[in-house]
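S.K.: mmCIF, C-alpha atoms, saved as my_file.cif, coming up:
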data_query
#
loop_
_atom_site.group_PDB
_atom_site.id
_atom_site.type_symbol
_atom_site.label_atom_id
_atom_site.label_comp_id
_atom_site.auth_asym_id
_atom_site.auth_seq_id
_atom_site.Cartn_x
_atom_site.Cartn_y
_atom_site.Cartn_z
ATOM 1 C CA MET A 1314 -1.981 22.445 41.014
ATOM 2 C CA SER A 1315 -5.570 21.460 41.674
ATOM 3 C CA THR A 1316 -6.252 17.783 42.113
ATOM 4 C CA GLY A 1317 -10.030 18.145 42.052
ATOM 5 C CA THR A 1318 -12.389 16.007 44.023
ATOM 6 C CA GLN A 1319 -12.781 13.048 41.708
ATOM 7 C CA THR A 1320 -9.142 12.707 40.870
ATOM 8 C CA LYS A 1321 -6.755 10.120 42.148
ATOM 9 C CA PRO A 1322 -3.056 10.025 41.352
ATOM 10 C CA ARG A 1323 -2.144 7.208 39.026
ATOM 11 C CA GLY A 1324 1.169 5.515 39.517
ATOM 12 C CA GLY A 1325 1.992 7.282 42.746
ATOM 13 C CA GLY A 1326 5.332 8.661 41.513
ATOM 14 C CA SER A 1327 6.281 12.266 41.001
ATOM 15 C CA ILE A 1328 6.601 14.350 37.865
ATOM 16 C CA ASP A 1329 8.550 17.540 37.316
ATOM 17 C CA VAL A 1330 5.984 20.006 36.007
ATOM 18 C CA ARG A 1331 8.712 22.182 34.466
ATOM 19 C CA TYR A 1332 8.832 19.651 31.669
ATOM 20 C CA VAL A 1333 5.121 20.064 31.020
ATOM 21 C CA ASN A 1334 5.325 23.674 29.843
ATOM 22 C CA PRO A 1335 7.005 22.870 26.508
ATOM 23 C CA PHE A 1336 4.131 20.517 25.716
ATOM 24 C CA ILE A 1337 1.530 23.138 26.617
ATOM 25 C CA GLU A 1338 3.329 25.670 24.421
ATOM 26 C CA ALA A 1339 3.479 23.070 21.657
ATOM 27 C CA ILE A 1340 -0.301 22.654 21.765
ATOM 28 C CA ASP A 1341 -0.667 26.369 21.182
ATOM 29 C CA ASN A 1342 1.915 26.418 18.397
ATOM 30 C CA VAL A 1343 0.578 23.386 16.525
ATOM 31 C CA PHE A 1344 -3.100 24.246 16.796
ATOM 32 C CA THR A 1345 -2.563 27.872 15.865
ATOM 33 C CA THR A 1346 -0.330 27.149 12.874
ATOM 34 C CA MET A 1347 -2.020 24.076 11.435
ATOM 35 C CA LEU A 1348 -5.648 24.500 12.480
ATOM 36 C CA ASP A 1349 -6.123 28.224 13.034
ATOM 37 C CA LEU A 1350 -7.364 27.468 16.531
ATOM 38 C CA LYS A 1351 -6.395 29.004 19.840
ATOM 39 C CA PRO A 1352 -7.136 26.398 22.520
ATOM 40 C CA GLN A 1353 -7.676 27.744 26.007
ATOM 41 C CA ARG A 1354 -5.824 25.804 28.661
ATOM 42 C CA GLN A 1355 -7.800 24.821 31.729
ATOM 43 C CA THR A 1356 -6.463 23.855 35.139
ATOM 44 C CA LEU A 1357 -3.666 21.308 35.167
ATOM 45 C CA ARG A 1358 -4.600 18.304 37.270
ATOM 46 C CA ILE A 1359 -3.657 14.809 38.214
ATOM 47 C CA CYS A 1360 -5.373 12.475 35.784
ATOM 48 C CA PRO A 1361 -8.684 10.996 36.743
ATOM 49 C CA SER A 1362 -8.187 7.274 37.255
ATOM 50 C CA GLU A 1363 -10.553 6.590 34.387
ATOM 51 C CA ALA A 1364 -12.076 8.902 31.779
ATOM 52 C CA THR A 1365 -15.709 8.302 30.911
ATOM 53 C CA GLY A 1366 -17.561 8.387 27.609
ATOM 54 C CA PRO A 1367 -16.339 7.511 24.129
ATOM 55 C CA GLN A 1368 -12.935 8.879 23.316
ATOM 56 C CA LEU A 1369 -10.188 8.799 20.770
ATOM 57 C CA THR A 1370 -6.652 8.943 22.126
ATOM 58 C CA SER A 1371 -3.511 9.477 20.091
ATOM 59 C CA ILE A 1372 -0.386 8.358 21.897
ATOM 60 C CA ILE A 1373 3.324 8.754 21.254
ATOM 61 C CA GLY A 1374 6.309 7.480 23.188
ATOM 62 C CA ILE A 1375 9.361 9.561 24.079
ATOM 63 C CA SER A 1376 12.770 8.159 24.942
ATOM 64 C CA GLY A 1377 16.170 9.541 25.836
ATOM 65 C CA HIS A 1378 17.120 11.567 28.914
ATOM 66 C CA ILE A 1379 13.447 11.559 29.733
ATOM 67 C CA HIS A 1380 11.152 8.759 28.732
ATOM 68 C CA GLY A 1381 7.416 8.499 28.842
ATOM 69 C CA VAL A 1382 4.232 9.013 26.912
ATOM 70 C CA VAL A 1383 2.245 11.966 25.634
ATOM 71 C CA ALA A 1384 -1.366 11.477 24.649
ATOM 72 C CA LEU A 1385 -4.138 13.656 23.265
ATOM 73 C CA ARG A 1386 -7.640 12.529 24.179
ATOM 74 C CA PHE A 1387 -10.611 13.733 22.175
ATOM 75 C CA PRO A 1388 -14.345 13.131 22.249
ATOM 76 C CA PRO A 1389 -15.277 11.809 18.782
ATOM 77 C CA ASP A 1390 -17.014 15.034 17.726
ATOM 78 C CA ALA A 1391 -13.961 17.110 18.578
ATOM 79 C CA ALA A 1392 -11.699 14.689 16.703
ATOM 80 C CA LYS A 1393 -13.936 14.916 13.625
ATOM 81 C CA ALA A 1394 -14.017 18.697 13.833
ATOM 82 C CA LEU A 1395 -10.224 18.872 14.051
ATOM 83 C CA ALA A 1396 -9.812 16.523 11.098
ATOM 84 C CA GLY A 1397 -12.166 18.812 9.205
ATOM 85 C CA ARG A 1398 -9.935 21.761 10.042
ATOM 86 C CA PHE A 1399 -7.063 19.977 8.305
ATOM 87 C CA THR A 1400 -8.937 18.923 5.183
ATOM 88 C CA GLY A 1401 -11.774 21.423 4.889
ATOM 89 C CA ILE A 1402 -14.468 18.743 5.131
ATOM 90 C CA VAL A 1403 -15.712 17.499 8.502
ATOM 91 C CA PRO A 1404 -16.016 13.688 8.429
ATOM 92 C CA THR A 1405 -19.378 12.295 9.482
ATOM 93 C CA GLU A 1406 -17.812 9.351 11.291
ATOM 94 C CA VAL A 1407 -14.535 8.414 12.932
ATOM 95 C CA ASN A 1408 -12.774 7.123 9.822
ATOM 96 C CA ASP A 1409 -9.158 6.750 8.708
ATOM 97 C CA GLU A 1410 -8.893 10.485 8.063
ATOM 98 C CA VAL A 1411 -9.818 11.261 11.661
ATOM 99 C CA ILE A 1412 -7.443 8.632 13.024
ATOM 100 C CA ASP A 1413 -4.644 9.990 10.857
ATOM 101 C CA ALA A 1414 -5.355 13.590 11.855
ATOM 102 C CA VAL A 1415 -5.240 12.978 15.609
ATOM 103 C CA ALA A 1416 -2.128 10.813 15.197
ATOM 104 C CA GLU A 1417 -0.375 13.626 13.359
ATOM 105 C CA LEU A 1418 -1.447 16.136 15.991
ATOM 106 C CA VAL A 1419 0.242 14.245 18.824
ATOM 107 C CA ASN A 1420 3.273 13.694 16.608
ATOM 108 C CA MET A 1421 3.638 17.414 15.959
ATOM 109 C CA VAL A 1422 2.972 18.373 19.585
ATOM 110 C CA ALA A 1423 5.597 15.939 20.867
ATOM 111 C CA GLY A 1424 8.069 16.986 18.193
ATOM 112 C CA ASN A 1425 7.589 20.661 18.907
ATOM 113 C CA ALA A 1426 7.977 20.082 22.650
ATOM 114 C CA LYS A 1427 11.101 17.984 22.313
ATOM 115 C CA ALA A 1428 12.689 20.748 20.275
ATOM 116 C CA LYS A 1429 11.907 23.201 23.073
ATOM 117 C CA LEU A 1430 13.400 20.799 25.621
ATOM 118 C CA ASP A 1431 16.494 20.757 23.372
ATOM 119 C CA MET A 1432 18.320 17.836 24.952
ATOM 120 C CA ASP A 1433 21.600 16.430 23.723
ATOM 121 C CA PRO A 1434 21.316 13.919 22.210
ATOM 122 C CA PRO A 1435 17.823 14.818 20.992
ATOM 123 C CA LEU A 1436 14.927 12.918 22.510
ATOM 124 C CA GLN A 1437 13.566 10.184 20.279
ATOM 125 C CA LEU A 1438 9.912 9.914 19.318
ATOM 126 C CA GLY A 1439 8.108 6.717 18.488
ATOM 127 C CA LEU A 1440 5.406 6.466 15.861
ATOM 128 C CA PRO A 1441 1.950 7.560 17.032
ATOM 129 C CA THR A 1442 -0.769 5.093 17.914
ATOM 130 C CA VAL A 1443 -4.506 5.796 18.194
ATOM 131 C CA VAL A 1444 -6.881 4.049 20.568
ATOM 132 C CA GLU A 1445 -10.662 4.293 20.267
ATOM 133 C CA GLY A 1446 -13.046 3.146 22.961
ATOM 134 C CA THR A 1447 -14.962 3.932 26.119
ATOM 135 C CA GLY A 1448 -13.882 3.974 29.729
ATOM 136 C CA TYR A 1449 -10.268 2.927 29.285
ATOM 137 C CA ARG A 1450 -7.238 4.441 30.911
ATOM 138 C CA LEU A 1451 -3.606 4.738 29.919
ATOM 139 C CA LYS A 1452 -0.821 3.129 31.900
ATOM 140 C CA TYR A 1453 2.939 3.360 31.756
ATOM 141 C CA PRO A 1454 5.232 0.987 33.590
ATOM 142 C CA THR A 1455 7.499 3.472 35.397
ATOM 143 C CA GLY A 1456 4.974 4.263 38.101
ATOM 144 C CA ALA A 1457 5.294 7.984 37.405
ATOM 145 C CA ALA A 1458 2.203 10.136 37.896
ATOM 146 C CA TRP A 1459 0.060 11.210 34.960
ATOM 147 C CA LEU A 1460 -0.820 14.825 34.467
ATOM 148 C CA GLU A 1461 -3.842 15.949 32.545
ATOM 149 C CA VAL A 1462 -4.041 19.335 30.830
ATOM 150 C CA PRO A 1463 -7.567 20.059 29.586
ATOM 151 C CA PHE A 1464 -8.188 22.488 26.742
ATOM 152 C CA GLU A 1465 -11.285 24.154 25.371
ATOM 153 C CA SER A 1466 -11.441 25.176 21.729
ATOM 154 C CA GLU A 1467 -13.888 26.097 18.992
ATOM 155 C CA ALA A 1468 -13.596 22.518 17.764
ATOM 156 C CA GLY A 1469 -14.503 21.136 21.186
ATOM 157 C CA SER A 1470 -12.737 20.136 24.363
ATOM 158 C CA PHE A 1471 -9.763 17.814 24.512
ATOM 159 C CA CYS A 1472 -7.063 16.803 26.970
ATOM 160 C CA MET A 1473 -3.362 16.258 26.886
ATOM 161 C CA GLU A 1474 -2.153 13.502 29.177
ATOM 162 C CA ILE A 1475 1.502 13.146 29.945
ATOM 163 C CA THR A 1476 3.762 10.986 32.047
ATOM 164 C CA TYR A 1477 7.499 10.626 32.112
ATOM 165 C CA SER A 1478 10.513 9.903 34.212
ATOM 166 C CA ALA A 1479 13.794 11.777 33.996
ATOM 167 C CA GLU A 1480 17.178 10.070 34.213
ATOM 168 C CA MET B 1456 6.682 19.603 -12.886
ATOM 169 C CA LYS B 1457 6.367 16.579 -10.678
ATOM 170 C CA ALA B 1458 6.796 16.236 -6.897
ATOM 171 C CA LEU B 1459 7.145 13.230 -4.627
ATOM 172 C CA VAL B 1460 5.432 13.692 -1.270
ATOM 173 C CA VAL B 1461 6.695 11.305 1.395
ATOM 174 C CA ASP B 1462 4.975 11.179 4.771
ATOM 175 C CA ASP B 1463 3.282 8.411 6.729
ATOM 176 C CA SER B 1464 0.438 10.811 7.520
ATOM 177 C CA MET B 1465 -2.107 11.205 4.742
ATOM 178 C CA THR B 1466 -3.226 14.404 6.437
ATOM 179 C CA ILE B 1467 0.205 15.932 5.984
ATOM 180 C CA ARG B 1468 0.471 14.610 2.426
ATOM 181 C CA ARG B 1469 -2.769 16.413 1.570
ATOM 182 C CA ILE B 1470 -1.581 19.652 3.143
ATOM 183 C CA VAL B 1471 1.733 19.413 1.301
ATOM 184 C CA ILE B 1472 0.003 18.682 -2.010
ATOM 185 C CA LYS B 1473 -2.263 21.669 -1.469
ATOM 186 C CA ALA B 1474 0.786 23.869 -0.827
ATOM 187 C CA LEU B 1475 2.480 22.524 -3.962
ATOM 188 C CA GLY B 1476 -0.547 23.696 -5.907
ATOM 189 C CA MET B 1477 0.248 27.229 -4.726
ATOM 190 C CA VAL B 1478 3.440 27.107 -6.824
ATOM 191 C CA GLY B 1479 1.826 25.422 -9.796
ATOM 192 C CA ILE B 1480 2.879 21.845 -9.087
ATOM 193 C CA GLN B 1481 -0.166 19.672 -9.728
ATOM 194 C CA ASP B 1482 1.557 16.428 -10.681
ATOM 195 C CA THR B 1483 2.293 14.639 -7.412
ATOM 196 C CA VAL B 1484 3.114 11.116 -6.314
ATOM 197 C CA GLU B 1485 2.560 10.021 -2.726
ATOM 198 C CA ALA B 1486 4.628 7.622 -0.639
ATOM 199 C CA ALA B 1487 3.806 6.572 2.927
ATOM 200 C CA ASP B 1488 7.301 5.475 3.927
ATOM 201 C CA GLY B 1489 10.895 5.445 2.779
ATOM 202 C CA THR B 1490 10.721 2.169 0.892
ATOM 203 C CA GLU B 1491 7.771 3.384 -1.171
ATOM 204 C CA ALA B 1492 9.684 6.588 -1.809
ATOM 205 C CA LEU B 1493 12.786 4.771 -3.064
ATOM 206 C CA SER B 1494 10.637 2.651 -5.381
ATOM 207 C CA ALA B 1495 9.078 5.782 -6.818
ATOM 208 C CA VAL B 1496 12.461 7.485 -7.231
ATOM 209 C CA ASN B 1497 13.840 4.443 -9.041
ATOM 210 C CA GLU B 1498 10.909 4.393 -11.458
ATOM 211 C CA GLN B 1499 10.288 8.083 -12.130
ATOM 212 C CA ASP B 1500 12.018 11.428 -12.270
ATOM 213 C CA PHE B 1501 10.896 14.170 -9.885
ATOM 214 C CA ASP B 1502 11.572 17.874 -9.780
ATOM 215 C CA VAL B 1503 11.373 18.023 -5.999
ATOM 216 C CA ILE B 1504 10.883 15.637 -3.069
ATOM 217 C CA LEU B 1505 9.186 16.567 0.209
ATOM 218 C CA LEU B 1506 10.417 14.107 2.814
ATOM 219 C CA ASP B 1507 9.299 13.358 6.370
ATOM 220 C CA TRP B 1508 11.866 12.055 8.870
ATOM 221 C CA ASN B 1509 10.043 9.683 11.235
ATOM 222 C CA MET B 1510 8.326 6.968 9.224
ATOM 223 C CA PRO B 1511 7.901 3.215 9.478
ATOM 224 C CA LYS B 1512 10.090 0.776 7.505
ATOM 225 C CA LEU B 1513 12.691 3.329 6.439
ATOM 226 C CA THR B 1514 13.263 6.755 7.974
ATOM 227 C CA GLY B 1515 13.459 9.894 5.930
ATOM 228 C CA ILE B 1516 17.144 10.447 6.689
ATOM 229 C CA ASP B 1517 18.031 6.941 5.499
ATOM 230 C CA THR B 1518 15.849 7.451 2.447
ATOM 231 C CA LEU B 1519 17.690 10.666 1.686
ATOM 232 C CA ARG B 1520 21.079 8.945 2.017
ATOM 233 C CA SER B 1521 19.929 6.219 -0.384
ATOM 234 C CA ILE B 1522 18.715 8.786 -2.902
ATOM 235 C CA ARG B 1523 22.064 10.617 -2.837
ATOM 236 C CA LYS B 1524 24.036 7.369 -2.890
ATOM 237 C CA ALA B 1525 22.203 6.503 -6.096
ATOM 238 C CA GLY B 1526 23.494 9.723 -7.594
ATOM 239 C CA LYS B 1527 20.138 11.490 -7.724
ATOM 240 C CA THR B 1528 20.462 15.261 -7.478
ATOM 241 C CA VAL B 1529 16.745 16.048 -7.210
ATOM 242 C CA PRO B 1530 16.089 18.791 -4.625
ATOM 243 C CA VAL B 1531 14.933 17.297 -1.326
ATOM 244 C CA ILE B 1532 13.155 19.340 1.336
ATOM 245 C CA MET B 1533 12.826 17.686 4.722
ATOM 246 C CA VAL B 1534 9.403 18.364 6.274
ATOM 247 C CA THR B 1535 9.557 17.081 9.808
ATOM 248 C CA THR B 1536 8.968 17.539 13.526
ATOM 249 C CA GLU B 1537 12.687 16.953 14.121
ATOM 250 C CA ALA B 1538 13.625 20.508 15.013
ATOM 251 C CA GLU B 1539 16.903 20.281 16.921
ATOM 252 C CA LYS B 1540 19.860 22.001 15.267
ATOM 253 C CA SER B 1541 21.803 18.728 15.264
ATOM 254 C CA ARG B 1542 19.036 17.111 13.204
ATOM 255 C CA VAL B 1543 19.046 19.946 10.686
ATOM 256 C CA ILE B 1544 22.816 19.662 10.319
ATOM 257 C CA GLU B 1545 22.549 15.886 9.948
ATOM 258 C CA ALA B 1546 20.013 16.301 7.158
ATOM 259 C CA ILE B 1547 22.026 18.944 5.324
ATOM 260 C CA LYS B 1548 25.133 16.748 5.533
ATOM 261 C CA ALA B 1549 23.099 13.861 4.124
ATOM 262 C CA GLY B 1550 22.166 15.991 1.143
ATOM 263 C CA ALA B 1551 18.954 17.829 2.015
ATOM 264 C CA ASN B 1552 18.508 21.080 0.109
ATOM 265 C CA ASP B 1553 16.215 22.669 2.662
ATOM 266 C CA TYR B 1554 14.419 21.953 5.917
ATOM 267 C CA LEU B 1555 10.927 22.820 7.112
ATOM 268 C CA ILE B 1556 9.829 22.138 10.658
ATOM 269 C CA LYS B 1557 6.287 21.022 11.445
ATOM 270 C CA PRO B 1558 3.979 22.704 12.242
ATOM 271 C CA PHE B 1559 4.134 24.881 9.160
ATOM 272 C CA ALA B 1560 1.846 27.170 7.225
ATOM 273 C CA PRO B 1561 1.237 26.205 3.567
ATOM 274 C CA ASP B 1562 2.806 29.423 2.301
ATOM 275 C CA GLN B 1563 6.005 28.575 4.185
ATOM 276 C CA LEU B 1564 6.217 25.286 2.322
ATOM 277 C CA ALA B 1565 5.372 26.961 -0.971
ATOM 278 C CA ALA B 1566 8.239 29.424 -0.446
ATOM 279 C CA LYS B 1567 10.683 26.595 0.272
ATOM 280 C CA VAL B 1568 9.626 24.772 -2.892
ATOM 281 C CA LYS B 1569 9.863 27.935 -4.954
ATOM 282 C CA ASN B 1570 13.377 28.471 -3.628
ATOM 283 C CA ALA B 1571 14.459 24.887 -4.349
ATOM 284 C CA VAL B 1572 12.761 24.757 -7.743
ATOM 285 C CA PRO B 1573 12.933 28.211 -9.285
ATOM 286 C CA ALA B 1574 10.888 27.032 -12.261
ATOM 287 C CA ALA B 1575 7.896 26.538 -9.954
ATOM 288 C CA THR B 1576 5.457 29.396 -10.417
ATOM 289 C CA PRO B 1577 2.314 30.505 -8.648
#
Could you rewrite the structure in this file as structure tokens?
M.R.:
Amino acid sequence: MSTGTQTKPRGGGSIDVRYVNPFIEAIDNVFTTMLDLKPQRQTLRICPSEATGPQLTSIIGISGHIHGVVALRFPPDAAKALAGRFTGIVPTEVNDEVIDAVAELVNMVAGNAKAKLDMDPPLQLGLPTVVEGTGYRLKYPTGAAWLEVPFESEAGSFCMEITYSAE
Amino acid sequence: MKALVVDDSMTIRRIVIKALGMVGIQDTVEAADGTEALSAVNEQDFDVILLDWNMPKLTGIDTLRSIRKAGKTVPVIMVTTEAEKSRVIEAIKAGANDYLIKPFAPDQLAAKVKNAVPAATP
């Protein structure tokens, strides 16, 4: 894993990267099936302590044998382009359609990944939330590290951020 | 033919409605959660219901149980991210006619609807 030069571990805990693969596979499955896109994964890294520029982040909580958060972070143009892939019309602004589209994306990615993890009882998903703003960062109270998985796609770049603790 | 499309995501509702059009179902009613769905079911008759699982207010599985408890036999297809085998079994036991896991391609949904509602035609 490359930590890069500008990166700084958040939380300071550890994370088992074996659990990350189902989420990476889920990105491929969801984007290919629903959006006809094949995102190219970039180098996995510890999250930067703060992302810069305007961004739209869809977040969903996971609970059960592992608990944590999965988030998809998009620049506004990428979020609009992805929403357009769903509906056939690219929105000109970040409106309710865009918010709904990115919320559903993280919902499907988390759902697909939890099925691959196949725990008994099944992991539980919360309802997705979307945050819009500039220069914020996500936090989760366990102190576990955050991993960031960047992707490049025809619709633009985006990142998956993930943190969790296992029982 | 009339379908009830229940999902808290308007994006998914649009995709489902588009897929329903592939089997000739143009008359659709949308509900964003289980309580809206039950209201619609109490007021109207539907030929098929497409039902999400994870929704605010009332989950899809509890909505399904309420529909069956009320004696409604309308075909219900769960359309959900809940993909574990135990979830599928739970839904079938609760009275689901079929189960489609998100993500899905529109033609997959169309095939499920066609199977549940043979009168649906392309």
S.K.: Could I get the residues of chain B with an atom no further than 9 Å from an atom of chain A, each paired with its nearest atom pair and that distance in Å to one decimal, using only C-alpha atoms, sorted by chain and residue number, as JSON lines?
M.R.:
{"residue": "B:Ser1464", "atom": "CA", "partner": "A:Asp1413", "partner_atom": "CA", "distance": 6.1}
{"residue": "B:Met1465", "atom": "CA", "partner": "A:Asp1413", "partner_atom": "CA", "distance": 6.7}
{"residue": "B:Thr1466", "atom": "CA", "partner": "A:Ala1414", "partner_atom": "CA", "distance": 5.9}
{"residue": "B:Ile1467", "atom": "CA", "partner": "A:Glu1417", "partner_atom": "CA", "distance": 7.7}
{"residue": "B:Arg1469", "atom": "CA", "partner": "A:Thr1400", "partner_atom": "CA", "distance": 7.6}
{"residue": "B:Ile1470", "atom": "CA", "partner": "A:Phe1399", "partner_atom": "CA", "distance": 7.5}
{"residue": "B:Asn1509", "atom": "CA", "partner": "A:Leu1440", "partner_atom": "CA", "distance": 7.3}
{"residue": "B:Met1510", "atom": "CA", "partner": "A:Leu1440", "partner_atom": "CA", "distance": 7.3}
{"residue": "B:Pro1511", "atom": "CA", "partner": "A:Leu1440", "partner_atom": "CA", "distance": 7.6}
{"residue": "B:Thr1535", "atom": "CA", "partner": "A:Gly1424", "partner_atom": "CA", "distance": 8.5}
{"residue": "B:Thr1536", "atom": "CA", "partner": "A:Gly1424", "partner_atom": "CA", "distance": 4.8}
{"residue": "B:Glu1537", "atom": "CA", "partner": "A:Gly1424", "partner_atom": "CA", "distance": 6.2}
{"residue": "B:Ala1538", "atom": "CA", "partner": "A:Ala1428", "partner_atom": "CA", "distance": 5.3}
{"residue": "B:Glu1539", "atom": "CA", "partner": "A:Ala1428", "partner_atom": "CA", "distance": 5.4}
{"residue": "B:Lys1540", "atom": "CA", "partner": "A:Ala1428", "partner_atom": "CA", "distance": 8.8}
{"residue": "B:Ser1541", "atom": "CA", "partner": "A:Pro1435", "partner_atom": "CA", "distance": 8.0}
{"residue": "B:Arg1542", "atom": "CA", "partner": "A:Pro1435", "partner_atom": "CA", "distance": 8.2}
{"residue": "B:Ile1556", "atom": "CA", "partner": "A:Asn1425", "partner_atom": "CA", "distance": 8.7}
{"residue": "B:Lys1557", "atom": "CA", "partner": "A:Met1421", "partner_atom": "CA", "distance": 6.4}
{"residue": "B:Pro1558", "atom": "CA", "partner": "A:Val1343", "partner_atom": "CA", "distance": 5.5}
{"residue": "B:Phe1559", "atom": "CA", "partner": "A:Thr1346", "partner_atom": "CA", "distance": 6.2}
{"residue": "B:Ala1560", "atom": "CA", "partner": "A:Thr1346", "partner_atom": "CA", "distance": 6.1}
{"residue": "B:Pro1561", "atom": "CA", "partner": "A:Met1347", "partner_atom": "CA", "distance": 8.8}
S.K.: Evaluated on this file, the PyMOL selection byres ((chain A and resi 1357) around 8) picks out some residues - which ones are they, written as number ranges by chain?
M.R.: A: 1314-1315, 1355-1356, 1358-1359, 1460-1463
S.K.: Counting only C-alpha atoms, which of B:Ile1532, B:Leu1513, B:Ala1575, B:Tyr1554 gets nearest to Asp1482 of chain B?
M.R.: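 The answer is B:Ala1575, which sits nearest to Asp1482 of chain B.
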S.K.: Give the answer as one residue: which of B:Ile1516, B:Lys1457, B:Gly1476, B:Ser1494 has the shortest atom-to-atom distance to Ile1544 of chain B, using only C-alpha atoms?
M.R.: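 Of B:Ile1516, B:Lys1457, B:Gly1476, B:Ser1494, the one nearest Ile1544 of chain B is B:Ile1516, counting only C-alpha atoms.
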S.K.: To verify the selection step, state as a PyMOL selection string which residues the PyMOL selection byres ((chain A and resi 1470) around 10) yields on this input.
M.R.: chain A and resi 1352-1354+1386-1388+1390-1392+1463-1469+1471-1472
S.K.: How would the residues just chosen look if you wrote them out with C-alpha atoms as a PDB file, in the coordinates of the input?
M.R.:
ATOM      1  CA  PRO A1352      -7.136  26.398  22.520  1.00  0.00           C
ATOM      2  CA  GLN A1353      -7.676  27.744  26.007  1.00  0.00           C
ATOM      3  CA  ARG A1354      -5.824  25.804  28.661  1.00  0.00           C
ATOM      4  CA  ARG A1386      -7.640  12.529  24.179  1.00  0.00           C
ATOM      5  CA  PHE A1387     -10.611  13.733  22.175  1.00  0.00           C
ATOM      6  CA  PRO A1388     -14.345  13.131  22.249  1.00  0.00           C
ATOM      7  CA  ASP A1390     -17.014  15.034  17.726  1.00  0.00           C
ATOM      8  CA  ALA A1391     -13.961  17.110  18.578  1.00  0.00           C
ATOM      9  CA  ALA A1392     -11.699  14.689  16.703  1.00  0.00           C
ATOM     10  CA  PRO A1463      -7.567  20.059  29.586  1.00  0.00           C
ATOM     11  CA  PHE A1464      -8.188  22.488  26.742  1.00  0.00           C
ATOM     12  CA  GLU A1465     -11.285  24.154  25.371  1.00  0.00           C
ATOM     13  CA  SER A1466     -11.441  25.176  21.729  1.00  0.00           C
ATOM     14  CA  GLU A1467     -13.888  26.097  18.992  1.00  0.00           C
ATOM     15  CA  ALA A1468     -13.596  22.518  17.764  1.00  0.00           C
ATOM     16  CA  GLY A1469     -14.503  21.136  21.186  1.00  0.00           C
ATOM     17  CA  PHE A1471      -9.763  17.814  24.512  1.00  0.00           C
ATOM     18  CA  CYS A1472      -7.063  16.803  26.970  1.00  0.00           C
TER      19      CYS A1472
END
S.K.: Find the residues around Val1461 of chain B up to 6 Å (all atoms listed in the file counted), leave out those fewer than 6 positions away in its own chain, and share them as an MDAnalysis selection string.
M.R.: chainID B and resid 1485:1487 1505:1507
S.K.: For the provided coordinates, the residues matched by the PyMOL selection byres ((chain B and resi 1480) around 9) should be stated as a PyMOL selection string.
M.R.: chain B and resi 1456-1458+1472+1474-1479+1481-1483+1575-1577
S.K.: Skip Ala1495 of chain B itself and residues of its chain fewer than 4 positions away, then list as a list of chain:residue names all residues within 10 Å of it, counting all atoms listed in the file.
M.R.: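 With the cut-off at 10 Å, the set is B:Leu1459, B:Val1484, B:Glu1485, B:Ala1486, B:Gly1489, B:Thr1490, B:Glu1491, B:Gln1499, B:Asp1500, B:Phe1501.
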S.K.: Give me a file of those residues, with C-alpha atoms, as a JSON list (two decimals), in the frame of the given file.
M.R.:
[["chain", "number", "residue", "atom", "x", "y", "z"],
["B", 1459, "LEU", "CA", 7.14, 13.23, -4.63],
["B", 1484, "VAL", "CA", 3.11, 11.12, -6.31],
["B", 1485, "GLU", "CA", 2.56, 10.02, -2.73],
["B", 1486, "ALA", "CA", 4.63, 7.62, -0.64],
["B", 1489, "GLY", "CA", 10.90, 5.44, 2.78],
["B", 1490, "THR", "CA", 10.72, 2.17, 0.89],
["B", 1491, "GLU", "CA", 7.77, 3.38, -1.17],
["B", 1499, "GLN", "CA", 10.29, 8.08, -12.13],
["B", 1500, "ASP", "CA", 12.02, 11.43, -12.27],
["B", 1501, "PHE", "CA", 10.90, 14.17, -9.88]]
S.K.: Find the distance between atom CA of Val1496 of chain B and atom CA of Val1572 of chain B and write it in Å to one decimal.
M.R.: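 Atom CA of Val1496 of chain B sits 17.3 Å away from atom CA of Val1572 of chain B.
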